[in-house]
Amino acid sequence: MLLAHHPSRVHALREPSARDPWRVLVSGCIANWPCGVDGTSYGMGEKSAEFLSLPTLIAIPFCPEQHALGTPRTMPDIHGGDGFDVLAGRAKVLDEHGTDLTEKMVAGARAMLEHAQRERVELAFLTDMSAACGSQVISDGCRLTETRKFQKGVGVATALLLEAGILVVSQRDYRTLALLRARLDPGYTPPAEVLDHHEHAWTREHLPGPHPRT
Ligand code: SF4
């Protein structure tokens with residue numbers, strides 16, 4: 001598995017340059033596409049704009065859910081496992097009405113992987129908590145309930161990308177993003193105090209233990 005949390009994986013990436021930038025698959029909503037379930041970018045576009053505008057990086061956006069289900073859409077969440085379990089037929093993706101979206105979510109994930117391979121991406125920068133793009137923490141069953149449950153694990157598209165050997169980092173992995181930024185911009189010094197999502201206080205308290213996919 002190739003979650004990017006280990007600094008050695010970041011250091012193993014080739015040297016980027018403005019002439020030969022890293023080719024980075026990006027969740028559409030991180031690239032400010034209005035592709036969220038509600039037709040917005042979840043307010044994420046501006047947060048990563050500076051990172052994505054570095055001249056040593058080319059952002060290649062894609063939204064697997066929009067591709068397969070359209071926008072706006074109902075809320076997909078994984079029941080009975082994570083994205084790898086969905087691919088293996090052990091878990092399902094259902095929306096808040098109980099409609100089975102498994103087949104479409106797998107189709108969207110396949111389309112994302114095909115796009116990534118066609119574009120020769122070297123890294124994927126994806127939105128955590130999503131049943132498609134999540135990599136560290138996702139919902140455990142439907143999130144639109146009174147008491148939302150969480151699990152450590154990956155979404156369906158992320159599982160397929162990891163299976164194909166593509167390194168994945170989430171928008172909440174601040175430590176790894178800082179290391180990546182330092183590779184992209186040698187004048188940048190990573191701050192010492194930033195943490196990845198699995199190191200945040202909330203995650204350590206509510207979801208202790210190792211990530212099952214690292
Ligand atoms: S499927 Fe991925 S790209 Fe699309 S809205 Fe959800 S997190 Fe963003």
# chains A, B, ... in the order shown; residues from 1 in each chain; ligands from 1

$ closest_atom_pairs --of "chain A" --to "ligand 1" --cutoff "8 Å" --atoms "only C-alpha atoms and all ligand atoms" --output "CSV"
residue,atom,partner,partner_atom_place_in_ligand_line,distance
A:Val26,CA,ligand 1,3 (S),7.6
A:Ser27,CA,ligand 1,3 (S),3.8
A:Gly28,CA,ligand 1,3 (S),4.1
A:Cys29,CA,ligand 1,8 (Fe),4.2
A:Ile30,CA,ligand 1,8 (Fe),6.7
A:Pro34,CA,ligand 1,5 (S),7.8
A:Cys35,CA,ligand 1,5 (S),4.9
A:Gly36,CA,ligand 1,5 (S),3.7
A:Val37,CA,ligand 1,5 (S),6.3
A:Ser41,CA,ligand 1,5 (S),6.9
A:Tyr42,CA,ligand 1,5 (S),8.0
A:Pro61,CA,ligand 1,3 (S),7.8
A:Phe62,CA,ligand 1,3 (S),6.0
A:Cys63,CA,ligand 1,3 (S),3.8
A:Pro64,CA,ligand 1,1 (S),5.1
A:Glu65,CA,ligand 1,1 (S),4.4
A:Gln66,CA,ligand 1,4 (Fe),6.0
A:Leu126,CA,ligand 1,2 (Fe),6.8
A:Thr127,CA,ligand 1,7 (S),4.7
A:Asp128,CA,ligand 1,7 (S),6.9
A:Met129,CA,ligand 1,7 (S),7.6
A:Ser130,CA,ligand 1,7 (S),5.0
A:Ala131,CA,ligand 1,1 (S),7.3
A:Ala132,CA,ligand 1,1 (S),5.1
A:Cys133,CA,ligand 1,2 (Fe),4.6
A:Gly134,CA,ligand 1,7 (S),7.1

$ write_last_selection --atoms "C-alpha atoms" --output "tab-separated table (two decimals), in the first residue's frame"
chain	number	residue	atom	x	y	z
A	26	VAL	CA	-6.35	15.76	-7.55
A	27	SER	CA	-9.88	15.23	-6.22
A	28	GLY	CA	-12.09	17.53	-8.27
A	29	CYS	CA	-13.38	19.32	-5.17
A	30	ILE	CA	-9.81	20.11	-4.02
A	34	PRO	CA	-18.37	22.19	-7.83
A	35	CYS	CA	-18.62	18.39	-7.85
A	36	GLY	CA	-19.62	17.66	-4.24
A	37	VAL	CA	-22.90	15.88	-3.52
A	41	SER	CA	-16.56	22.21	-3.77
A	42	TYR	CA	-17.15	21.90	0.00
A	61	PRO	CA	-8.49	16.86	-11.41
A	62	PHE	CA	-11.14	14.15	-11.50
A	63	CYS	CA	-14.31	13.36	-9.53
A	64	PRO	CA	-15.22	9.67	-9.58
A	65	GLU	CA	-18.66	10.20	-8.02
A	66	GLN	CA	-19.64	12.95	-10.43
A	126	LEU	CA	-7.39	13.27	-2.50
A	127	THR	CA	-10.19	14.37	-0.17
A	128	ASP	CA	-10.36	12.43	3.05
A	129	MET	CA	-13.67	11.22	4.60
A	130	SER	CA	-15.14	10.50	1.14
A	131	ALA	CA	-16.47	7.02	0.29
A	132	ALA	CA	-14.61	7.41	-3.02
A	133	CYS	CA	-11.53	9.54	-2.33
A	134	GLY	CA	-10.98	8.97	1.43

$ residues_around --residues "Met105 in chain A" --least-positions-apart "2" --cutoff "8 Å" --atoms "only C-alpha atoms" --output "ChimeraX atom specification"
/A:64-65,68-69,93,101-103,107-109,132,156-157

$ closest_atom_pairs --of "range 107-180 of chain A" --to "range 197-207 of chain A" --cutoff "12 Å" --atoms "only C-alpha atoms" --output "JSON lines"
{"residue": "A:Thr127", "atom": "CA", "partner": "A:His197", "partner_atom": "CA", "distance": 11.5}
{"residue": "A:Asp128", "atom": "CA", "partner": "A:His197", "partner_atom": "CA", "distance": 8.9}
{"residue": "A:Met129", "atom": "CA", "partner": "A:His197", "partner_atom": "CA", "distance": 10.6}
{"residue": "A:Gly134", "atom": "CA", "partner": "A:His197", "partner_atom": "CA", "distance": 11.3}
{"residue": "A:Ser135", "atom": "CA", "partner": "A:His197", "partner_atom": "CA", "distance": 9.6}
{"residue": "A:Gln136", "atom": "CA", "partner": "A:His198", "partner_atom": "CA", "distance": 6.7}
{"residue": "A:Val137", "atom": "CA", "partner": "A:His197", "partner_atom": "CA", "distance": 8.0}
{"residue": "A:Ile138", "atom": "CA", "partner": "A:Leu207", "partner_atom": "CA", "distance": 11.0}
{"residue": "A:Ser139", "atom": "CA", "partner": "A:Leu207", "partner_atom": "CA", "distance": 11.7}
{"residue": "A:Asp140", "atom": "CA", "partner": "A:Leu207", "partner_atom": "CA", "distance": 11.7}
{"residue": "A:Lys149", "atom": "CA", "partner": "A:His206", "partner_atom": "CA", "distance": 9.9}
{"residue": "A:Phe150", "atom": "CA", "partner": "A:Leu207", "partner_atom": "CA", "distance": 7.9}
{"residue": "A:Gln151", "atom": "CA", "partner": "A:Leu207", "partner_atom": "CA", "distance": 6.9}
{"residue": "A:Lys152", "atom": "CA", "partner": "A:Leu207", "partner_atom": "CA", "distance": 6.9}
{"residue": "A:Gly153", "atom": "CA", "partner": "A:Leu207", "partner_atom": "CA", "distance": 10.6}
{"residue": "A:Val169", "atom": "CA", "partner": "A:His197", "partner_atom": "CA", "distance": 9.9}
{"residue": "A:Ser170", "atom": "CA", "partner": "A:His197", "partner_atom": "CA", "distance": 8.1}
{"residue": "A:Gln171", "atom": "CA", "partner": "A:His197", "partner_atom": "CA", "distance": 8.7}
{"residue": "A:Arg172", "atom": "CA", "partner": "A:His197", "partner_atom": "CA", "distance": 5.3}
{"residue": "A:Asp173", "atom": "CA", "partner": "A:His197", "partner_atom": "CA", "distance": 5.1}
{"residue": "A:Tyr174", "atom": "CA", "partner": "A:His197", "partner_atom": "CA", "distance": 7.5}
{"residue": "A:Arg175", "atom": "CA", "partner": "A:His197", "partner_atom": "CA", "distance": 8.8}
{"residue": "A:Thr176", "atom": "CA", "partner": "A:His197", "partner_atom": "CA", "distance": 9.7}
{"residue": "A:Leu177", "atom": "CA", "partner": "A:His197", "partner_atom": "CA", "distance": 11.0}

$ select_by_dssp --residues "range 7-204 of chain A" --states "alpha helix (DSSP H)" --output "number ranges by chain"
A: 7-11, 49-52, 64-69, 83-87, 102-118, 156-163, 174-184, 201-204

$ closest_residue --among "A:Ala182, A:Leu160, A:Ile166, A:Ala4" --to "Ala111 in chain A" --atoms "only C-alpha atoms"
A:Leu160

$ select_by_dssp --residues "range 9-204 of chain A" --states "strand (DSSP E or B)" --output "JSON, numbers by chain"
{"A": [22, 23, 24, 25, 26, 27, 57, 58, 59, 60, 61, 62, 77, 78, 79, 92, 93, 94, 100, 123, 124, 125, 126, 129, 137, 138, 139, 150, 151, 152, 168, 169, 170]}

$ write_last_selection --atoms "C-alpha atoms" --output "PDB file, in the first residue's frame"
ATOM      1  CA  TRP A  22       5.067  16.220 -10.971  1.00  0.00           C
ATOM      2  CA  ARG A  23       1.812  15.023 -12.489  1.00  0.00           C
ATOM      3  CA  VAL A  24      -0.646  14.947  -9.586  1.00  0.00           C
ATOM      4  CA  LEU A  25      -4.144  13.481  -9.672  1.00  0.00           C
ATOM      5  CA  VAL A  26      -6.354  15.762  -7.547  1.00  0.00           C
ATOM      6  CA  SER A  27      -9.879  15.227  -6.220  1.00  0.00           C
ATOM      7  CA  LEU A  57       3.304  20.541 -10.195  1.00  0.00           C
ATOM      8  CA  ILE A  58       0.547  19.882 -12.737  1.00  0.00           C
ATOM      9  CA  ALA A  59      -2.870  19.258 -11.175  1.00  0.00           C
ATOM     10  CA  ILE A  60      -4.997  16.672 -12.957  1.00  0.00           C
ATOM     11  CA  PRO A  61      -8.490  16.861 -11.412  1.00  0.00           C
ATOM     12  CA  PHE A  62     -11.142  14.146 -11.504  1.00  0.00           C
ATOM     13  CA  ASP A  77     -21.162   5.714   2.220  1.00  0.00           C
ATOM     14  CA  ILE A  78     -19.545   2.322   2.660  1.00  0.00           C
ATOM     15  CA  HIS A  79     -21.312  -0.298   4.779  1.00  0.00           C
ATOM     16  CA  LYS A  92     -21.505  -2.214  -0.251  1.00  0.00           C
ATOM     17  CA  VAL A  93     -21.957   1.463  -0.969  1.00  0.00           C
ATOM     18  CA  LEU A  94     -25.431   2.713  -0.056  1.00  0.00           C
ATOM     19  CA  ASP A 100     -27.263   0.418  -3.640  1.00  0.00           C
ATOM     20  CA  LEU A 123       0.943  11.021  -6.922  1.00  0.00           C
ATOM     21  CA  ALA A 124      -2.702  11.475  -5.907  1.00  0.00           C
ATOM     22  CA  PHE A 125      -3.907  14.293  -3.619  1.00  0.00           C
ATOM     23  CA  LEU A 126      -7.393  13.269  -2.496  1.00  0.00           C
ATOM     24  CA  MET A 129     -13.666  11.217   4.604  1.00  0.00           C
ATOM     25  CA  VAL A 137     -10.708   8.115   7.813  1.00  0.00           C
ATOM     26  CA  ILE A 138     -14.094   7.358   6.245  1.00  0.00           C
ATOM     27  CA  SER A 139     -17.627   6.959   7.555  1.00  0.00           C
ATOM     28  CA  PHE A 150     -16.104   6.576  11.561  1.00  0.00           C
ATOM     29  CA  GLN A 151     -13.472   4.014  10.682  1.00  0.00           C
ATOM     30  CA  LYS A 152      -9.867   4.069   9.567  1.00  0.00           C
ATOM     31  CA  VAL A 168      -1.955   8.836  -2.084  1.00  0.00           C
ATOM     32  CA  VAL A 169      -1.987  11.801   0.323  1.00  0.00           C
ATOM     33  CA  SER A 170      -5.077  13.494   1.782  1.00  0.00           C
TER      34      SER A 170
END

$ atom_distance --atom1 "CA of Leu179 in chain A" --atom2 "CA of Trp33 in chain A"
25.5 Å

$ atom_distance --atom1 "CA of Leu2 in chain A" --atom2 "CA of Leu162 in chain A"
5.9 Å

$ closest_residue --among "A:Asn32, A:Thr158, A:Thr40, A:Thr189" --to "Arg213 in chain A" --atoms "only C-alpha atoms"
A:Thr158

$ atom_distance --atom1 "CA of Asp85 in chain A" --atom2 "CA of His6 in chain A"
23.8 Å

$ decode --residues "range 36-76 of chain A" --atoms "N, CA and C atoms" --output "tab-separated table (two decimals), in the first residue's frame"
chain	number	residue	atom	x	y	z
A	36	GLY	N	-19.17	18.33	-5.46
A	36	GLY	CA	-19.62	17.66	-4.24
A	36	GLY	C	-21.06	17.20	-4.37
A	37	VAL	N	-21.53	16.39	-3.44
A	37	VAL	CA	-22.90	15.88	-3.52
A	37	VAL	C	-23.92	17.02	-3.62
A	38	ASP	N	-23.60	18.17	-3.02
A	38	ASP	CA	-24.51	19.31	-2.99
A	38	ASP	C	-24.21	20.33	-4.09
A	39	GLY	N	-23.34	19.99	-5.02
A	39	GLY	CA	-23.02	20.91	-6.11
A	39	GLY	C	-22.06	22.02	-5.71
A	40	THR	N	-21.33	21.84	-4.61
A	40	THR	CA	-20.29	22.80	-4.22
A	40	THR	C	-18.95	22.06	-4.18
A	41	SER	N	-17.89	22.84	-3.94
A	41	SER	CA	-16.56	22.21	-3.77
A	41	SER	C	-16.27	21.99	-2.29
A	42	TYR	N	-17.29	22.04	-1.45
A	42	TYR	CA	-17.15	21.90	0.00
A	42	TYR	C	-16.21	22.98	0.57
A	43	GLY	N	-16.04	24.06	-0.15
A	43	GLY	CA	-15.18	25.15	0.33
A	43	GLY	C	-13.70	24.80	0.33
A	44	MET	N	-13.32	23.78	-0.42
A	44	MET	CA	-11.92	23.32	-0.32
A	44	MET	C	-11.01	23.93	-1.37
A	45	GLY	N	-11.59	24.46	-2.45
A	45	GLY	CA	-10.75	24.92	-3.55
A	45	GLY	C	-9.67	25.90	-3.12
A	46	GLU	N	-10.08	26.91	-2.34
A	46	GLU	CA	-9.12	27.97	-2.00
A	46	GLU	C	-8.01	27.47	-1.09
A	47	LYS	N	-8.31	26.47	-0.26
A	47	LYS	CA	-7.33	26.03	0.74
A	47	LYS	C	-6.07	25.46	0.09
A	48	SER	N	-6.22	24.83	-1.05
A	48	SER	CA	-5.06	24.19	-1.68
A	48	SER	C	-4.57	24.94	-2.91
A	49	ALA	N	-5.14	26.11	-3.17
A	49	ALA	CA	-4.84	26.82	-4.41
A	49	ALA	C	-3.34	27.13	-4.54
A	50	GLU	N	-2.72	27.55	-3.43
A	50	GLU	CA	-1.30	27.93	-3.50
A	50	GLU	C	-0.45	26.70	-3.83
A	51	PHE	N	-0.73	25.59	-3.13
A	51	PHE	CA	0.01	24.35	-3.36
A	51	PHE	C	-0.14	23.91	-4.82
A	52	LEU	N	-1.38	23.96	-5.32
A	52	LEU	CA	-1.64	23.47	-6.68
A	52	LEU	C	-1.11	24.40	-7.76
A	53	SER	N	-0.78	25.64	-7.38
A	53	SER	CA	-0.27	26.58	-8.40
A	53	SER	C	1.25	26.59	-8.47
A	54	LEU	N	1.92	25.74	-7.69
A	54	LEU	CA	3.38	25.68	-7.77
A	54	LEU	C	3.80	25.27	-9.19
A	55	PRO	N	4.81	25.90	-9.75
A	55	PRO	CA	5.16	25.62	-11.15
A	55	PRO	C	5.76	24.23	-11.36
A	56	THR	N	6.12	23.56	-10.27
A	56	THR	CA	6.72	22.23	-10.37
A	56	THR	C	5.68	21.11	-10.27
A	57	LEU	N	4.40	21.50	-10.35
A	57	LEU	CA	3.30	20.54	-10.20
A	57	LEU	C	2.24	20.81	-11.26
A	58	ILE	N	1.72	19.76	-11.86
A	58	ILE	CA	0.55	19.88	-12.74
A	58	ILE	C	-0.61	19.14	-12.06
A	59	ALA	N	-1.70	19.87	-11.80
A	59	ALA	CA	-2.87	19.26	-11.18
A	59	ALA	C	-3.76	18.64	-12.25
A	60	ILE	N	-4.14	17.39	-12.01
A	60	ILE	CA	-5.00	16.67	-12.96
A	60	ILE	C	-6.26	16.26	-12.20
A	61	PRO	N	-7.30	17.12	-12.24
A	61	PRO	CA	-8.49	16.86	-11.41
A	61	PRO	C	-9.41	15.78	-12.00
A	62	PHE	N	-10.12	15.12	-11.10
A	62	PHE	CA	-11.14	14.15	-11.50
A	62	PHE	C	-12.07	13.93	-10.31
A	63	CYS	N	-13.36	13.71	-10.59
A	63	CYS	CA	-14.31	13.36	-9.53
A	63	CYS	C	-14.98	12.05	-9.90
A	64	PRO	N	-14.65	10.98	-9.21
A	64	PRO	CA	-15.22	9.67	-9.58
A	64	PRO	C	-16.73	9.59	-9.33
A	65	GLU	N	-17.21	10.27	-8.29
A	65	GLU	CA	-18.66	10.20	-8.02
A	65	GLU	C	-19.44	11.00	-9.06
A	66	GLN	N	-18.95	12.17	-9.41
A	66	GLN	CA	-19.64	12.95	-10.43
A	66	GLN	C	-19.66	12.18	-11.75
A	67	HIS	N	-18.54	11.54	-12.07
A	67	HIS	CA	-18.44	10.78	-13.32
A	67	HIS	C	-19.52	9.69	-13.37
A	68	ALA	N	-19.73	9.00	-12.25
A	68	ALA	CA	-20.62	7.83	-12.26
A	68	ALA	C	-22.05	8.15	-11.84
A	69	LEU	N	-22.22	9.17	-11.00
A	69	LEU	CA	-23.53	9.41	-10.40
A	69	LEU	C	-24.12	10.77	-10.74
A	70	GLY	N	-23.30	11.66	-11.28
A	70	GLY	CA	-23.77	13.02	-11.56
A	70	GLY	C	-23.75	13.89	-10.32
A	71	THR	N	-23.99	15.18	-10.53
A	71	THR	CA	-24.01	16.18	-9.45
A	71	THR	C	-25.21	17.09	-9.67
A	72	PRO	N	-26.03	17.39	-8.65
A	72	PRO	CA	-25.95	16.85	-7.29
A	72	PRO	C	-26.39	15.40	-7.25
A	73	ARG	N	-26.16	14.77	-6.10
A	73	ARG	CA	-26.48	13.34	-5.96
A	73	ARG	C	-26.75	13.05	-4.49
A	74	THR	N	-27.21	11.84	-4.22
A	74	THR	CA	-27.40	11.43	-2.83
A	74	THR	C	-26.03	11.08	-2.24
A	75	MET	N	-26.01	10.81	-0.93
A	75	MET	CA	-24.74	10.66	-0.20
A	75	MET	C	-24.28	9.20	-0.14
A	76	PRO	N	-23.21	8.85	-0.84
A	76	PRO	CA	-22.73	7.47	-0.77
A	76	PRO	C	-21.85	7.24	0.47
